[in-house]
Amino acid sequence: MAGPPRAVAVLRHAVRSGLLESTRPVLVACSGGADSVALAAALAFEGRAFGVRIGGVTVDHGLQAGSAERAEGTAELLRGLDLTPVLVRTAEVGAEGGPEGAARAARYAALADAARECDARVALAHTLDDQAETVLLGLGRGSGPRSVAGMVEERETDGVTWWRPLLAVRRSTARQACADQDLPVWEDPWNADPAYTRARLRSEVLPLLEDVLGGGVAPALARTAAMLREDLDALDALAATAPRPSRLPAADVAHLPPALRRRVLRLWLRDHGVPDLQAVHLDAVDALVARWKGQGRVDLPGGAGVVRASGRLVLQPPDGRGGAPRNPADEIEEPSP
């Protein structure tokens with residue numbers, strides 16, 4: 001007896017291990033595009049085989065004409081695949097972060113609400129090609145090694161599990177799987193709009209790199225991300241073992257390699273409730289340890305601050321009470337010559 005077409009088999013194989021590892025219900029985030037439709041079909045098939053309940057959710061951003069009708073059409077497609085429940089959510093898209101960032105934030109908020117409502121993990125259809133684009137974006141923006149390390153297959157944020165089973169699957173394979181199963185797909189015009197950075201990476205930059213470097217660029221970028229992620233995870237694990245008392249002795253961390261020291265400092269600040277740390281804040285706190293010249297207070301997000309006093313880093317809360325020395329003029333440590 002002949003098996004399914006190759007592309008269909010690849011998609012089903014990609015989701016199988018995740019269903020074996022957990023029987024928790026899954027909600028497929030589906031836009032109606034080829035990647036997410038192929039993922040929904042694969043999960044519908046494998047979910048029946050493994051006894052895992054598979055539902056679907058589509059988000060109407062309200063940013064394009066006919067978006068509500070399109071969302072309902074996608075929901076009907078998911079119902080035709082026997083997914084249950086099938087949810088349609090409306091996103092409240094703001095303005096912060098630009099059009100792409102605002103739409104993404106609104107979409108994830110809507111998906112998170114649906115996941116909590118159904119007590120399910122969310123399956124996202126990001127492919128190897130999406131991973132390569134993410135790595136290039138991180139490189140181009142200089143936004144740090146974590147961004148260059150790309151997306152992870154599974155991550156929990158605020159109680160919601162995000163699962164990306166297709167990170168090793170090419171976009172072309174997902175498209176072929178839809179064609180092989182006669183599944184209708186929607187071509188989002190924004191994906192080809194040169195006004196959006198990711199669209200230009202997809203249509204211009206990656207094809208040019210493939211031509212110049214002789215092919216294989218997207219898989220190479222994905223491999224690089226995976227190797228970098230292993231290194232970063234090892235450093236994070238080492239940093240997590242370091243003691244982080246409320247008043248952190250500078251000498252305890254000064255001797256650490258910079259990559260490890262900064263991680264310890266970040267964890268120390270997060271332990272004490274400092275939110276939304278950016279590189280500029282962490283660099284200034286690190287300077288209190290590694291480049292001590294008598295600097296004053298380092299202001300942090302949320303109104304807190306850090307000072308160096310008597311050889312220790314001291315976190316001052318937003319109202320200035322509890323963490324500061326009684327007499328800063330007397331107790332702030334003098335810099336070394």
# chains A, B, ... in the order shown; residues from 1 in each chain; ligands from 1
call {"tool": "residues_around", "arguments": {"residues": "stretch 196-211 of chain A", "least_positions_apart": "5", "cutoff": "10 Å", "atoms": "only C-alpha atoms", "output": "NGL selection string"}}
result
:A and (99-100 or 129-130 or 132-134 or 136-137 or 189-191 or 216-218)
call {"tool": "select_by_dssp", "arguments": {"residues": "stretch 53-138 of chain A", "states": "strand (DSSP E or B)", "output": "ChimeraX atom specification"}}
result
/A:54-60,86-90,121-123
call {"tool": "write_last_selection", "arguments": {"atoms": "N, CA and C atoms", "output": "mmCIF file, in the first residue's frame"}}
result
data_model
loop_
_atom_site.group_PDB
_atom_site.id
_atom_site.type_symbol
_atom_site.label_atom_id
_atom_site.label_comp_id
_atom_site.auth_asym_id
_atom_site.auth_seq_id
_atom_site.Cartn_x
_atom_site.Cartn_y
_atom_site.Cartn_z
ATOM 1 N N ILE A 54 -6.792 18.253 18.847
ATOM 2 C CA ILE A 54 -6.212 19.338 18.059
ATOM 3 C C ILE A 54 -7.302 20.343 17.725
ATOM 4 N N GLY A 55 -7.101 21.576 18.128
ATOM 5 C CA GLY A 55 -8.006 22.652 17.777
ATOM 6 C C GLY A 55 -7.290 23.663 16.901
ATOM 7 N N GLY A 56 -7.993 24.699 16.533
ATOM 8 C CA GLY A 56 -7.386 25.725 15.693
ATOM 9 C C GLY A 56 -7.856 27.107 16.098
ATOM 10 N N VAL A 57 -7.028 28.099 15.826
ATOM 11 C CA VAL A 57 -7.400 29.474 16.105
ATOM 12 C C VAL A 57 -6.865 30.353 14.983
ATOM 13 N N THR A 58 -7.704 31.237 14.485
ATOM 14 C CA THR A 58 -7.276 32.202 13.479
ATOM 15 C C THR A 58 -7.564 33.595 14.006
ATOM 16 N N VAL A 59 -6.680 34.522 13.697
ATOM 17 C CA VAL A 59 -6.757 35.875 14.252
ATOM 18 C C VAL A 59 -7.062 36.869 13.137
ATOM 19 N N ASP A 60 -8.091 37.651 13.352
ATOM 20 C CA ASP A 60 -8.448 38.730 12.433
ATOM 21 C C ASP A 60 -7.845 40.026 12.966
ATOM 22 N N VAL A 86 -12.570 25.264 17.114
ATOM 23 C CA VAL A 86 -12.022 26.217 16.145
ATOM 24 C C VAL A 86 -12.476 27.610 16.583
ATOM 25 N N LEU A 87 -11.510 28.484 16.819
ATOM 26 C CA LEU A 87 -11.787 29.809 17.367
ATOM 27 C C LEU A 87 -11.392 30.894 16.381
ATOM 28 N N VAL A 88 -12.159 31.951 16.351
ATOM 29 C CA VAL A 88 -11.805 33.158 15.606
ATOM 30 C C VAL A 88 -11.647 34.277 16.620
ATOM 31 N N ARG A 89 -10.484 34.905 16.619
ATOM 32 C CA ARG A 89 -10.200 35.978 17.564
ATOM 33 C C ARG A 89 -9.902 37.280 16.813
ATOM 34 N N THR A 90 -10.342 38.378 17.377
ATOM 35 C CA THR A 90 -10.058 39.698 16.816
ATOM 36 C C THR A 90 -8.935 40.338 17.611
ATOM 37 N N ARG A 121 -1.476 24.121 24.332
ATOM 38 C CA ARG A 121 -0.277 24.768 23.799
ATOM 39 C C ARG A 121 -0.588 25.240 22.379
ATOM 40 N N VAL A 122 0.154 26.231 21.926
ATOM 41 C CA VAL A 122 -0.083 26.822 20.616
ATOM 42 C C VAL A 122 0.971 26.328 19.638
ATOM 43 N N ALA A 123 0.534 25.765 18.520
ATOM 44 C CA ALA A 123 1.445 25.327 17.466
ATOM 45 C C ALA A 123 1.567 26.429 16.427
#
call {"tool": "atom_distance", "arguments": {"atom1": "atom CA of A:Gly273", "atom2": "atom CA of A:Glu154"}}
result
25.1 Å
call {"tool": "closest_residue", "arguments": {"among": "A:Leu83, A:Glu21, A:Arg312, A:Ala149", "to": "A:Thr224", "atoms": "only C-alpha atoms"}}
result
A:Ala149
call {"tool": "select_by_dssp", "arguments": {"residues": "stretch 81-272 of chain A", "states": "alpha helix (DSSP H)", "output": "number ranges by chain"}}
result
A: 98-118, 128-141, 145-148, 171-180, 197-200, 206-213, 217-240, 250-254, 258-271
call {"tool": "residues_around", "arguments": {"residues": "A:Phe50", "least_positions_apart": "4", "cutoff": "9 Å", "atoms": "only C-alpha atoms", "output": "list in words"}}
result
Arg16, Leu19, Leu20, Thr23 and Glu46 of chain A
call {"tool": "atom_distance", "arguments": {"atom1": "atom CA of A:Val314", "atom2": "atom CA of A:Leu248"}}
result
6.9 Å
call {"tool": "closest_residue", "arguments": {"among": "A:Ala290, A:Ala284, A:Ala2, A:Pro275", "to": "A:Pro257", "atoms": "only C-alpha atoms"}}
result
A:Ala290
call {"tool": "residues_around", "arguments": {"residues": "A:Asp188", "least_positions_apart": "3", "cutoff": "10 Å", "atoms": "only C-alpha atoms", "output": "ChimeraX atom specification"}}
result
/A:31-33,64,185,191-193
call {"tool": "write_last_selection", "arguments": {"atoms": "C-alpha atoms", "output": "compact mmCIF listing (two decimals), in the first residue's frame"}}
result
# COMPACT_ATOMS: atom_id res chain seq x y z
CA SER A 31 -3.62 32.39 9.03
CA GLY A 32 -4.85 30.48 5.98
CA GLY A 33 -1.40 30.59 4.39
CA GLN A 64 -7.08 44.53 5.37
CA VAL A 185 -4.32 28.50 0.75
CA ASN A 191 4.27 38.83 2.42
CA ALA A 192 5.36 40.28 -0.92
CA ASP A 193 5.09 43.96 -0.02
